[in-house]
file my_file-v6.tsv (TSV, C-alpha atoms)
chain	number	residue	atom	x	y	z
A	1	MET	CA	-61.78	25.06	34.37
A	2	TYR	CA	-61.27	21.47	33.23
A	3	LYS	CA	-58.79	22.68	30.58
A	4	LEU	CA	-56.96	24.69	33.26
A	5	LEU	CA	-56.83	21.70	35.61
A	6	ALA	CA	-55.68	19.40	32.79
A	7	THR	CA	-53.00	21.88	31.75
A	8	SER	CA	-51.84	22.26	35.32
A	9	ALA	CA	-51.67	18.49	35.70
A	10	LEU	CA	-49.62	18.15	32.51
A	11	VAL	CA	-47.21	20.87	33.63
A	12	ALA	CA	-46.85	19.25	37.04
A	13	ALA	CA	-46.26	15.85	35.44
A	14	GLY	CA	-43.70	17.36	33.09
A	15	LEU	CA	-41.84	19.08	35.92
A	16	TRP	CA	-41.88	15.85	37.92
A	17	GLY	CA	-40.51	13.90	34.95
A	18	MET	CA	-37.76	16.44	34.36
A	19	THR	CA	-36.85	16.36	38.06
A	20	GLU	CA	-36.69	12.56	38.02
A	21	ALA	CA	-34.56	12.57	34.84
A	22	ALA	CA	-32.24	15.19	36.30
A	23	SER	CA	-32.02	13.17	39.53
A	24	ALA	CA	-31.19	9.99	37.59
A	25	GLN	CA	-28.65	11.85	35.47
A	26	ALA	CA	-27.06	13.30	38.59
A	27	LYS	CA	-26.44	9.77	39.85
A	28	VAL	CA	-24.35	8.96	36.76
A	29	ALA	CA	-20.64	9.44	37.36
A	30	PRO	CA	-19.09	11.95	34.95
A	31	ILE	CA	-16.36	10.78	32.56
A	32	SER	CA	-12.92	11.00	34.13
A	33	VAL	CA	-9.71	10.37	32.22
A	34	VAL	CA	-7.50	7.44	33.13
A	35	VAL	CA	-4.01	6.73	31.78
A	36	GLY	CA	-2.57	3.41	30.63
A	37	GLY	CA	-0.28	2.01	27.97
A	38	TYR	CA	3.00	0.20	27.58
A	39	MET	CA	6.72	0.76	27.08
A	40	ALA	CA	9.09	-1.75	25.52
A	41	GLN	CA	12.86	-1.27	25.36
A	42	TYR	CA	15.04	-3.81	23.55
A	43	PHE	CA	18.73	-4.28	22.81
A	44	GLY	CA	19.86	-6.72	20.16
A	45	PHE	CA	21.71	-7.48	16.97
A	46	ALA	CA	21.10	-8.94	13.53
A	47	SER	CA	23.53	-10.16	10.88
A	48	ASN	CA	22.11	-8.14	8.00
A	49	LYS	CA	23.95	-8.57	4.70
A	50	ASP	CA	26.24	-5.86	3.40
A	51	GLY	CA	25.89	-4.32	-0.04
A	52	VAL	CA	22.10	-4.58	-0.19
A	53	ASP	CA	19.78	-1.95	-1.69
A	54	TYR	CA	17.70	-1.31	1.41
A	55	VAL	CA	14.54	0.73	1.47
A	56	THR	CA	15.54	3.96	3.14
A	57	GLY	CA	13.90	5.96	5.88
A	58	TYR	CA	14.14	2.97	8.27
A	59	ASN	CA	16.61	2.02	10.97
A	60	GLY	CA	18.38	5.37	10.80
A	61	LEU	CA	19.19	5.03	7.11
A	62	PRO	CA	19.12	8.32	5.17
A	63	GLY	CA	17.23	9.02	2.01
A	64	ASN	CA	13.74	8.86	0.63
A	65	ALA	CA	11.30	5.96	0.54
A	66	LEU	CA	7.66	5.09	0.24
A	67	ILE	CA	6.63	1.97	2.12
A	68	SER	CA	3.65	0.38	3.82
A	69	SER	CA	4.44	-1.01	7.27
A	70	ASN	CA	2.64	-4.33	6.96
A	71	THR	CA	2.37	-4.82	3.22
A	72	GLY	CA	5.99	-4.03	2.54
A	73	ALA	CA	5.65	-2.34	-0.83
A	74	GLY	CA	8.54	0.11	-1.14
A	75	THR	CA	10.49	2.23	-3.61
A	76	PHE	CA	13.73	4.25	-3.63
A	77	ALA	CA	16.82	2.80	-2.04
A	78	THR	CA	20.24	3.43	-0.60
A	79	ARG	CA	22.95	0.80	-0.90
A	80	VAL	CA	24.45	0.09	2.51
A	81	SER	CA	28.07	-0.95	2.12
A	82	LYS	CA	28.47	-2.18	5.68
A	83	GLY	CA	25.54	-1.87	8.06
A	84	ASN	CA	25.93	-1.82	11.84
A	85	LYS	CA	24.80	-5.07	13.46
A	86	MET	CA	23.69	-3.61	16.81
A	87	MET	CA	20.48	-1.75	17.62
A	88	GLN	CA	18.55	-0.40	20.59
A	89	ALA	CA	14.83	-0.12	19.87
A	90	SER	CA	11.90	1.51	21.65
A	91	ASP	CA	8.16	1.04	21.33
A	92	THR	CA	5.93	3.11	23.60
A	93	GLU	CA	2.30	4.15	23.68
A	94	ILE	CA	0.40	6.11	26.33
A	95	TRP	CA	-3.35	5.61	26.34
A	96	PHE	CA	-5.89	8.14	27.55
A	97	GLY	CA	-9.38	6.86	28.05
A	98	GLY	CA	-12.57	7.18	30.02
A	99	ARG	CA	-16.11	5.90	30.23
A	100	THR	CA	-19.39	6.41	31.98
A	101	THR	CA	-22.54	4.32	32.31
A	102	LEU	CA	-25.77	6.22	31.73
A	103	ALA	CA	-28.96	5.75	33.72
A	104	ASN	CA	-30.34	3.53	30.92
A	105	GLY	CA	-27.38	1.13	31.27
A	106	ILE	CA	-25.56	2.19	28.09
A	107	THR	CA	-21.81	2.79	28.47
A	108	VAL	CA	-20.13	5.58	26.50
A	109	GLY	CA	-16.38	6.11	26.42
A	110	PHE	CA	-13.31	7.00	24.40
A	111	ASP	CA	-9.73	5.93	23.75
A	112	VAL	CA	-6.84	8.07	22.48
A	113	GLN	CA	-3.39	6.49	22.05
A	114	LEU	CA	-0.29	8.68	22.02
A	115	GLU	CA	2.80	7.34	20.27
A	116	GLY	CA	5.88	7.61	22.48
A	117	ASN	CA	8.33	7.23	19.58
A	118	SER	CA	6.81	9.50	16.97
A	119	ASN	CA	10.24	10.68	15.80
A	120	ASN	CA	11.04	7.20	14.44
A	121	TYR	CA	10.75	7.25	10.66
A	122	ARG	CA	8.56	4.87	8.69
A	123	GLY	CA	9.55	5.77	5.13
A	124	ASN	CA	9.44	8.78	2.78
A	125	ASN	CA	11.10	10.66	5.66
A	126	VAL	CA	7.70	10.74	7.38
A	127	PRO	CA	7.70	10.24	11.18
A	128	GLN	CA	5.43	7.76	12.88
A	129	ASP	CA	1.98	8.95	13.88
A	130	THR	CA	1.82	11.22	16.89
A	131	ILE	CA	-1.60	9.74	17.66
A	132	ASP	CA	-2.28	6.09	16.89
A	133	GLU	CA	-5.95	5.27	17.53
A	134	SER	CA	-8.56	7.86	18.54
A	135	TYR	CA	-12.17	6.73	18.79
A	136	LEU	CA	-15.45	6.77	20.73
A	137	PHE	CA	-17.31	3.62	21.75
A	138	ILE	CA	-20.85	2.80	22.87
A	139	ASP	CA	-21.56	-0.46	24.73
A	140	GLY	CA	-24.90	-1.99	25.59
A	141	ALA	CA	-27.04	-5.10	25.36
A	142	PHE	CA	-27.07	-4.48	21.59
A	143	GLY	CA	-23.29	-4.94	21.33
A	144	ARG	CA	-20.56	-2.37	20.72
A	145	VAL	CA	-20.33	0.56	18.29
A	146	ILE	CA	-16.98	2.26	17.53
A	147	MET	CA	-16.68	5.57	15.69
A	148	GLY	CA	-13.32	7.08	14.82
A	149	SER	CA	-9.77	6.09	13.98
A	150	GLU	CA	-9.41	2.36	14.73
A	151	ASN	CA	-8.53	-0.87	12.91
A	152	GLU	CA	-11.07	-2.87	10.92
A	153	ALA	CA	-13.31	-5.48	12.55
A	154	SER	CA	-11.56	-8.33	10.72
A	155	TYR	CA	-8.20	-7.19	12.14
A	156	LEU	CA	-9.47	-6.82	15.71
A	157	MET	CA	-11.15	-10.26	15.64
A	158	HIS	CA	-8.26	-12.16	14.03
A	159	VAL	CA	-6.82	-15.27	15.70
A	160	GLY	CA	-3.20	-16.03	14.80
A	161	ALA	CA	-0.21	-18.07	15.91
A	162	PRO	CA	0.57	-17.84	19.67
A	163	ALA	CA	3.21	-15.37	20.83
A	164	PRO	CA	4.53	-14.50	24.32
A	165	GLY	CA	5.58	-10.95	25.08
A	166	MET	CA	3.02	-9.52	22.64
A	167	THR	CA	5.43	-8.57	19.86
A	168	TRP	CA	7.78	-11.46	19.19
A	169	GLY	CA	5.34	-13.63	17.27
A	170	ALA	CA	4.46	-14.23	13.66
A	171	ASN	CA	2.32	-11.12	13.12
A	172	GLU	CA	3.79	-7.61	12.86
A	173	SER	CA	6.89	-8.91	14.59
A	174	TYR	CA	9.74	-6.76	15.83
A	175	LEU	CA	11.94	-8.99	13.65
A	176	GLN	CA	10.77	-6.96	10.66
A	177	GLY	CA	12.48	-3.96	12.25
A	178	TYR	CA	15.65	-5.69	13.43
A	179	MET	CA	16.28	-6.84	9.91
A	180	ILE	CA	17.21	-3.69	8.01
A	181	ARG	CA	14.10	-3.10	5.99
A	182	GLU	CA	13.65	-5.36	3.03
A	183	PRO	CA	15.57	-4.87	-0.21
A	184	ALA	CA	14.03	-2.03	-2.18
A	185	ALA	CA	12.26	-4.13	-4.79
A	186	VAL	CA	10.69	-6.67	-2.40
A	187	SER	CA	7.02	-6.61	-1.38
A	188	TYR	CA	5.58	-8.82	1.35
A	189	LEU	CA	2.74	-9.48	3.79
A	190	GLY	CA	3.93	-9.11	7.39
A	191	THR	CA	0.78	-10.36	9.10
A	192	THR	CA	-1.90	-12.99	8.51
A	193	SER	CA	-4.69	-10.58	9.46
A	194	SER	CA	-6.64	-8.91	6.69
A	195	PHE	CA	-6.50	-5.12	6.72
A	196	GLN	CA	-5.67	-2.33	4.31
A	197	ASN	CA	-5.33	1.09	5.85
A	198	ASN	CA	-4.76	0.64	9.56
A	199	ASP	CA	-6.49	3.39	11.58
A	200	ALA	CA	-8.66	5.14	9.02
A	201	GLN	CA	-11.82	6.98	10.08
A	202	ARG	CA	-14.56	4.36	10.14
A	203	LEU	CA	-17.72	3.02	11.76
A	204	THR	CA	-17.61	-0.46	13.34
A	205	TYR	CA	-20.24	-2.64	14.99
A	206	PHE	CA	-19.79	-5.82	17.05
A	207	THR	CA	-22.67	-8.06	18.10
A	208	PRO	CA	-22.87	-9.42	21.64
A	209	ARG	CA	-21.00	-12.69	22.05
A	210	MET	CA	-23.48	-15.59	22.07
A	211	SER	CA	-22.31	-19.12	22.94
A	212	GLY	CA	-18.79	-17.97	22.12
A	213	LEU	CA	-19.71	-16.55	18.71
A	214	GLN	CA	-19.41	-12.89	17.73
A	215	PHE	CA	-19.84	-11.00	14.45
A	216	GLY	CA	-18.40	-7.62	13.51
A	217	ILE	CA	-18.33	-5.31	10.51
A	218	SER	CA	-16.57	-2.05	9.62
A	219	TYR	CA	-17.45	0.57	7.03
A	220	THR	CA	-14.74	2.98	5.82
A	221	PRO	CA	-15.90	5.89	3.61
A	222	ASN	CA	-12.36	7.26	3.02
A	223	SER	CA	-9.47	4.80	2.88
A	224	LEU	CA	-6.78	7.41	3.60
A	225	GLU	CA	-5.48	6.89	7.14
A	226	ASP	CA	-6.31	9.57	9.73
A	227	VAL	CA	-8.05	11.77	7.15
A	228	ASN	CA	-11.36	13.50	7.88
A	229	GLY	CA	-13.45	14.49	4.89
A	230	TYR	CA	-14.88	13.11	1.69
A	231	GLY	CA	-12.84	10.75	-0.45
A	232	ASP	CA	-12.20	11.23	-4.16
A	233	LYS	CA	-13.51	8.07	-5.83
A	234	VAL	CA	-11.24	8.65	-8.82
A	235	ASN	CA	-7.95	9.09	-6.94
A	236	THR	CA	-8.49	7.07	-3.74
A	237	ARG	CA	-10.27	3.91	-2.71
A	238	THR	CA	-13.55	4.60	-0.93
A	239	ASN	CA	-16.47	2.77	0.68
A	240	GLY	CA	-14.62	-0.22	2.07
A	241	TRP	CA	-16.25	-3.02	4.06
A	242	SER	CA	-14.62	-5.36	6.55
A	243	PRO	CA	-16.78	-8.12	8.09
A	244	GLY	CA	-15.39	-10.57	10.62
A	245	ILE	CA	-16.42	-13.51	12.77
A	246	ASN	CA	-14.77	-14.74	15.95
A	247	PHE	CA	-15.41	-17.78	18.13
A	248	THR	CA	-13.94	-18.56	21.55
A	249	ASN	CA	-15.16	-21.17	24.00
A	250	THR	CA	-13.90	-23.83	26.39
A	251	PHE	CA	-14.80	-27.49	26.06
A	252	GLY	CA	-13.67	-29.29	29.17
A	253	ALA	CA	-9.93	-28.67	29.43
A	254	VAL	CA	-9.62	-27.42	25.83
A	255	LYS	CA	-10.01	-23.78	24.74
A	256	LEU	CA	-10.85	-23.22	21.08
A	257	GLU	CA	-10.42	-19.89	19.27
A	258	ALA	CA	-11.15	-19.28	15.59
A	259	SER	CA	-11.73	-16.35	13.24
A	260	ALA	CA	-12.44	-15.43	9.65
A	261	GLY	CA	-12.45	-12.01	8.05
A	262	LEU	CA	-12.51	-10.00	4.84
A	263	THR	CA	-11.46	-6.49	3.92
A	264	TYR	CA	-12.99	-5.33	0.64
A	265	TYR	CA	-12.48	-2.13	-1.36
A	266	PRO	CA	-13.91	-1.55	-4.84
A	267	LYS	CA	-11.66	-0.33	-7.61
A	268	MET	CA	-10.92	3.35	-8.09
A	269	GLN	CA	-13.46	4.81	-10.46
A	270	GLY	CA	-11.89	5.68	-13.78
A	271	ALA	CA	-8.80	3.49	-13.23
A	272	LEU	CA	-8.07	0.95	-15.95
A	273	ASN	CA	-8.24	-2.73	-15.07
A	274	THR	CA	-4.72	-3.01	-16.47
A	275	THR	CA	-3.54	-1.41	-13.21
A	276	ALA	CA	-3.84	-2.46	-9.57
A	277	ASN	CA	-6.06	0.54	-8.82
A	278	GLY	CA	-8.45	-0.58	-11.53
A	279	ASN	CA	-9.09	-3.87	-9.70
A	280	PRO	CA	-10.86	-4.39	-6.37
A	281	ILE	CA	-9.06	-5.49	-3.19
A	282	LYS	CA	-10.34	-8.66	-1.51
A	283	ASP	CA	-8.23	-9.40	1.55
A	284	TRP	CA	-9.26	-12.71	3.17
A	285	SER	CA	-7.99	-14.20	6.43
A	286	GLY	CA	-8.71	-17.11	8.72
A	287	GLY	CA	-7.08	-18.52	11.83
A	288	ALA	CA	-7.52	-20.95	14.72
A	289	ALA	CA	-5.81	-21.90	17.99
A	290	LEU	CA	-6.19	-24.67	20.58
A	291	THR	CA	-5.00	-24.40	24.19
A	292	MET	CA	-4.83	-27.23	26.72
A	293	SER	CA	-2.76	-27.60	29.90
A	294	GLY	CA	-0.78	-24.48	29.07
A	295	VAL	CA	0.11	-25.64	25.54
A	296	SER	CA	-1.20	-23.56	22.60
A	297	VAL	CA	-1.08	-24.54	18.93
A	298	GLY	CA	-2.34	-22.21	16.23
A	299	GLY	CA	-2.01	-20.86	12.75
A	300	ALA	CA	-3.58	-18.58	10.17
A	301	TYR	CA	-3.79	-18.01	6.43
A	302	ARG	CA	-4.25	-14.81	4.44
A	303	LYS	CA	-5.08	-14.35	0.76
A	304	LEU	CA	-4.87	-10.84	-0.70
A	305	ASP	CA	-6.55	-10.64	-4.09
A	306	ASN	CA	-5.63	-7.44	-5.95
A	307	ARG	CA	-4.80	-8.30	-9.54
A	308	LEU	CA	-1.65	-6.52	-10.79
A	309	GLY	CA	-0.94	-5.23	-7.25
A	310	ALA	CA	2.53	-5.72	-5.75
A	311	THR	CA	1.13	-7.53	-2.69
A	312	ASN	CA	-1.27	-9.76	-4.59
A	313	GLY	CA	-0.54	-13.11	-2.99
A	314	ARG	CA	-0.73	-15.04	0.26
A	315	ALA	CA	0.84	-15.45	3.69
A	316	TYR	CA	0.53	-18.15	6.29
A	317	ALA	CA	1.84	-18.58	9.82
A	318	MET	CA	1.95	-21.32	12.42
A	319	GLY	CA	3.20	-21.58	15.94
A	320	VAL	CA	3.24	-23.40	19.26
A	321	GLY	CA	3.45	-21.91	22.74
A	322	TYR	CA	3.61	-23.00	26.36
A	323	GLN	CA	2.93	-21.09	29.57
A	324	THR	CA	3.51	-22.20	33.13
A	325	GLY	CA	3.21	-19.66	35.91
A	326	PRO	CA	5.20	-16.54	35.03
A	327	LEU	CA	7.09	-18.26	32.16
A	328	ALA	CA	5.95	-18.37	28.53
A	329	PHE	CA	7.65	-19.78	25.43
A	330	ALA	CA	6.74	-19.87	21.76
A	331	ALA	CA	8.05	-20.84	18.35
A	332	SER	CA	6.50	-19.33	15.22
A	333	TYR	CA	6.99	-19.26	11.46
A	334	LEU	CA	5.60	-16.89	8.81
A	335	ASP	CA	5.87	-17.31	5.04
A	336	SER	CA	4.85	-14.63	2.51
A	337	SER	CA	4.70	-14.97	-1.27
A	338	VAL	CA	3.38	-12.11	-3.43
A	339	ASP	CA	3.57	-11.02	-7.07
A	340	GLY	CA	5.81	-7.97	-6.68
A	341	SER	CA	6.33	-6.55	-10.16
A	342	ALA	CA	3.48	-7.54	-12.48
A	343	ALA	CA	5.95	-7.78	-15.35
A	344	ASN	CA	7.88	-10.58	-13.63
A	345	PRO	CA	6.14	-13.97	-13.28
A	346	ALA	CA	8.31	-14.94	-10.29
A	347	LYS	CA	7.38	-14.14	-6.66
A	348	ASP	CA	8.71	-11.85	-3.96
A	349	THR	CA	9.17	-13.91	-0.80
A	350	PHE	CA	9.68	-13.26	2.90
A	351	LYS	CA	10.22	-15.90	5.59
A	352	GLN	CA	10.74	-15.53	9.33
A	353	THR	CA	11.33	-17.97	12.19
A	354	ILE	CA	11.20	-16.80	15.81
A	355	LEU	CA	11.86	-18.50	19.15
A	356	SER	CA	10.67	-16.22	21.95
A	357	ALA	CA	10.18	-16.24	25.70
A	358	ALA	CA	8.71	-13.98	28.37
A	359	TYR	CA	9.03	-13.95	32.15
A	360	THR	CA	6.69	-11.91	34.35
A	361	MET	CA	8.86	-10.37	37.06
A	362	GLY	CA	5.95	-8.53	38.68
A	363	PRO	CA	2.60	-6.94	37.85
A	364	GLY	CA	3.04	-5.16	34.53
A	365	VAL	CA	6.76	-5.99	34.22
A	366	ASP	CA	7.86	-8.63	31.69
A	367	LEU	CA	11.35	-9.68	30.67
A	368	VAL	CA	11.17	-10.63	26.99
A	369	GLY	CA	13.72	-12.17	24.65
A	370	ALA	CA	13.92	-13.77	21.23
A	371	ILE	CA	16.24	-15.33	18.70
A	372	PHE	CA	15.22	-15.09	15.07
A	373	GLN	CA	16.07	-15.70	11.44
A	374	GLY	CA	14.57	-14.05	8.37
A	375	GLU	CA	14.99	-13.74	4.62
A	376	PHE	CA	13.76	-11.23	2.04
A	377	LYS	CA	14.13	-12.27	-1.59
A	378	ASP	CA	13.27	-10.24	-4.66
A	379	GLU	CA	11.63	-12.04	-7.58
A	380	GLY	CA	14.51	-11.08	-9.83
A	381	GLY	CA	17.07	-12.73	-7.56
A	382	ALA	CA	19.58	-9.87	-7.82
A	383	VAL	CA	22.30	-10.17	-5.17
A	384	ASN	CA	21.68	-6.65	-3.90
A	385	ASN	CA	17.96	-7.40	-3.46
A	386	ILE	CA	18.30	-10.39	-1.13
A	387	ASN	CA	18.79	-10.03	2.62
A	388	LYS	CA	19.21	-12.82	5.14
A	389	ALA	CA	19.64	-12.12	8.82
A	390	SER	CA	19.89	-13.97	12.10
A	391	GLY	CA	19.87	-12.28	15.45
A	392	ALA	CA	18.73	-11.99	19.02
A	393	ALA	CA	17.18	-9.37	21.28
A	394	VAL	CA	16.33	-8.99	24.94
A	395	GLY	CA	14.33	-6.29	26.66
A	396	ILE	CA	11.74	-5.25	29.21
A	397	ARG	CA	8.09	-4.51	28.50
A	398	LEU	CA	6.08	-2.45	30.98
A	399	ASN	CA	2.28	-2.49	30.92
A	400	PHE	CA	0.47	0.20	32.92
call {"tool": "encode", "arguments": {"input": "my_file-v6.tsv", "output": "structure tokens"}}
result
Amino acid sequence: MYKLLATSALVAAGLWGMTEAASAQAKVAPISVVVGGYMAQYFGFASNKDGVDYVTGYNGLPGNALISSNTGAGTFATRVSKGNKMMQASDTEIWFGGRTTLANGITVGFDVQLEGNSNNYRGNNVPQDTIDESYLFIDGAFGRVIMGSENEASYLMHVGAPAPGMTWGANESYLQGYMIREPAAVSYLGTTSSFQNNDAQRLTYFTPRMSGLQFGISYTPNSLEDVNGYGDKVNTRTNGWSPGINFTNTFGAVKLEASAGLTYYPKMQGALNTTANGNPIKDWSGGAALTMSGVSVGGAYRKLDNRLGATNGRAYAMGVGYQTGPLAFAASYLDSSVDGSAANPAKDTFKQTILSAAYTMGPGVDLVGAIFQGEFKDEGGAVNNINKASGAAVGIRLNF
């Protein structure tokens, strides 16, 4: 009888617990999809040189090329006798996302970013990604966990030179598209943030921010971008790590931001150390910015250590910005110097100077403009491997 009563009590308690859990779960709002994103449309010109061996597959140029968007290593070229100076450019992404907060207080959500200009070519006659990032996140008192296709922690936490209008600053600037892509033999670093393979499949963790300080780290089993599956340690880089640290806090009227990061990949197994693949990649970065009374001053430095690699070298950037009400202005400079061909002791160089401005005409509507100057120079100094350009662009950026 006692066993029967005890069993009955346990069953009743179990049913009560399940009912309470179901009731609590029922109070949690289901995940619903929301839409956001941006669209930027620009019209401008640049005085690109004629008779230069440009990397093809960019800016409407025909042919075949292999190039990395932000490390600038490229091969195969078409000589452009007389390039057009005018260009209309688009940059659009539509974001699909959603989240829900569970009864225990943990938030779970996702983000998928659709490229609106996936027919634009990025080299080797390969279109841009149809999907940019695609990942799941978990937020709680423990911090944030990200699983999926997203940039490394060091990239996401990087502090660089100030820039109004999002894209006319030192890092990953639109200037690098308005200049017909660099001469074929030139390599360069187009950003001061450390990163190696953009949106590869990875696991990332960020600590909670404490007194302005936050740590993050990413682990990437397979370095190939947007590839599910096991990596071949002999033919691809695998098991990469990317730690980062970020600090932001306000002291009286002064806001201080700073960051440091590293992206590390071991060498390919079996590759000789007489090749770039036979040497590890150590991509360091650091940056800081101060803001007071609307004036921002900042800069960053990047050192990519990959012996015998084309982009083994450094880049630095600096800038100053000012914002008052709906108006924002900035001036920035980036300088890249890398090894290029290992057989040549000279350096491949890239320099850019940008003056930019943005005016907020209404919620989510910005008028953006810039004037710029840039120079690509191959280590060999051949006339057809040097491009200088000055130009200007104006456009509208919508954020929704």
call {"tool": "atom_distance", "arguments": {"input": "my_file-v6.tsv", "atom1": "CA of Val254 in chain A", "atom2": "CA of His158 in chain A"}}
result
19.3 Å
call {"tool": "closest_residue", "arguments": {"input": "my_file-v6.tsv", "among": "A:Glu225, A:Pro183, A:Ser194, A:Trp95", "to": "Lys282 in chain A", "atoms": "all atoms listed in the file"}}
result
A:Ser194
call {"tool": "atom_distance", "arguments": {"input": "my_file-v6.tsv", "atom1": "CA of Ile94 in chain A", "atom2": "CA of Asp139 in chain A"}}
result
23.0 Å
call {"tool": "residues_near_point", "arguments": {"input": "my_file-v6.tsv", "point": "(-9.3, 3.3, -5.6)", "cutoff": "9 Å", "atoms": "all atoms listed in the file", "output": "ChimeraX atom specification"}}
result
/A:223,232-238,265-271,276-280
call {"tool": "residues_near_point", "arguments": {"input": "my_file-v6.tsv", "point": "(-22.6, -1.9, 21.0)", "cutoff": "12 Å", "atoms": "only C-alpha atoms", "output": "ChimeraX atom specification"}}
result
/A:105-109,136-147,203-209,214-217
call {"tool": "write_last_selection", "arguments": {"input": "my_file-v6.tsv", "atoms": "C-alpha atoms", "output": "PDB file, in the coordinates of the input"}}
result
ATOM      1  CA  GLY A 105     -27.380   1.130  31.270  1.00  0.00           C
ATOM      2  CA  ILE A 106     -25.560   2.190  28.090  1.00  0.00           C
ATOM      3  CA  THR A 107     -21.810   2.790  28.470  1.00  0.00           C
ATOM      4  CA  VAL A 108     -20.130   5.580  26.500  1.00  0.00           C
ATOM      5  CA  GLY A 109     -16.380   6.110  26.420  1.00  0.00           C
ATOM      6  CA  LEU A 136     -15.450   6.770  20.730  1.00  0.00           C
ATOM      7  CA  PHE A 137     -17.310   3.620  21.750  1.00  0.00           C
ATOM      8  CA  ILE A 138     -20.850   2.800  22.870  1.00  0.00           C
ATOM      9  CA  ASP A 139     -21.560  -0.460  24.730  1.00  0.00           C
ATOM     10  CA  GLY A 140     -24.900  -1.990  25.590  1.00  0.00           C
ATOM     11  CA  ALA A 141     -27.040  -5.100  25.360  1.00  0.00           C
ATOM     12  CA  PHE A 142     -27.070  -4.480  21.590  1.00  0.00           C
ATOM     13  CA  GLY A 143     -23.290  -4.940  21.330  1.00  0.00           C
ATOM     14  CA  ARG A 144     -20.560  -2.370  20.720  1.00  0.00           C
ATOM     15  CA  VAL A 145     -20.330   0.560  18.290  1.00  0.00           C
ATOM     16  CA  ILE A 146     -16.980   2.260  17.530  1.00  0.00           C
ATOM     17  CA  MET A 147     -16.680   5.570  15.690  1.00  0.00           C
ATOM     18  CA  LEU A 203     -17.720   3.020  11.760  1.00  0.00           C
ATOM     19  CA  THR A 204     -17.610  -0.460  13.340  1.00  0.00           C
ATOM     20  CA  TYR A 205     -20.240  -2.640  14.990  1.00  0.00           C
ATOM     21  CA  PHE A 206     -19.790  -5.820  17.050  1.00  0.00           C
ATOM     22  CA  THR A 207     -22.670  -8.060  18.100  1.00  0.00           C
ATOM     23  CA  PRO A 208     -22.870  -9.420  21.640  1.00  0.00           C
ATOM     24  CA  ARG A 209     -21.000 -12.690  22.050  1.00  0.00           C
ATOM     25  CA  GLN A 214     -19.410 -12.890  17.730  1.00  0.00           C
ATOM     26  CA  PHE A 215     -19.840 -11.000  14.450  1.00  0.00           C
ATOM     27  CA  GLY A 216     -18.400  -7.620  13.510  1.00  0.00           C
ATOM     28  CA  ILE A 217     -18.330  -5.310  10.510  1.00  0.00           C
TER      29      ILE A 217
END
call {"tool": "atom_distance", "arguments": {"input": "my_file-v6.tsv", "atom1": "CA of Gly309 in chain A", "atom2": "CA of Asn222 in chain A"}}
result
19.8 Å
call {"tool": "residues_around", "arguments": {"input": "my_file-v6.tsv", "residues": "Ser149 in chain A", "least_positions_apart": "3", "cutoff": "8 Å", "atoms": "all atoms listed in the file", "output": "PyMOL selection string"}}
result
chain A and resi 133-135+199-202+226
call {"tool": "decode", "arguments": {"input": "my_file-v6.tsv", "residues": "range 298-309 of chain A", "atoms": "N, CA and C atoms", "output": "mmCIF file, in the first residue's frame"}}
result
data_model
loop_
_atom_site.group_PDB
_atom_site.id
_atom_site.type_symbol
_atom_site.label_atom_id
_atom_site.label_comp_id
_atom_site.auth_asym_id
_atom_site.auth_seq_id
_atom_site.Cartn_x
_atom_site.Cartn_y
_atom_site.Cartn_z
ATOM 1 N N GLY A 298 40.996 58.197 -34.329
ATOM 2 C CA GLY A 298 41.306 56.786 -34.147
ATOM 3 C C GLY A 298 42.252 56.244 -35.188
ATOM 4 N N GLY A 299 42.729 55.059 -34.923
ATOM 5 C CA GLY A 299 43.632 54.402 -35.860
ATOM 6 C C GLY A 299 43.812 52.945 -35.488
ATOM 7 N N ALA A 300 44.447 52.204 -36.377
ATOM 8 C CA ALA A 300 44.651 50.773 -36.143
ATOM 9 C C ALA A 300 45.872 50.294 -36.912
ATOM 10 N N TYR A 301 46.407 49.158 -36.463
ATOM 11 C CA TYR A 301 47.583 48.562 -37.099
ATOM 12 C C TYR A 301 47.347 47.062 -37.238
ATOM 13 N N ARG A 302 47.801 46.518 -38.354
ATOM 14 C CA ARG A 302 47.664 45.082 -38.618
ATOM 15 C C ARG A 302 48.991 44.521 -39.096
ATOM 16 N N LYS A 303 49.363 43.371 -38.551
ATOM 17 C CA LYS A 303 50.578 42.671 -38.976
ATOM 18 C C LYS A 303 50.199 41.246 -39.337
ATOM 19 N N LEU A 304 50.349 40.908 -40.618
ATOM 20 C CA LEU A 304 50.061 39.545 -41.080
ATOM 21 C C LEU A 304 51.384 38.822 -41.276
ATOM 22 N N ASP A 305 51.586 37.794 -40.491
ATOM 23 C CA ASP A 305 52.831 37.020 -40.522
ATOM 24 C C ASP A 305 52.557 35.676 -41.192
ATOM 25 N N ASN A 306 52.921 35.563 -42.462
ATOM 26 C CA ASN A 306 52.842 34.298 -43.199
ATOM 27 C C ASN A 306 54.043 34.248 -44.137
ATOM 28 N N ARG A 307 55.133 33.716 -43.627
ATOM 29 C CA ARG A 307 56.395 33.742 -44.372
ATOM 30 C C ARG A 307 56.235 33.120 -45.751
ATOM 31 N N LEU A 308 56.713 33.840 -46.772
ATOM 32 C CA LEU A 308 56.663 33.473 -48.180
ATOM 33 C C LEU A 308 55.269 33.668 -48.797
ATOM 34 N N GLY A 309 54.313 34.161 -48.010
ATOM 35 C CA GLY A 309 52.985 34.468 -48.540
ATOM 36 C C GLY A 309 52.965 35.834 -49.195
#
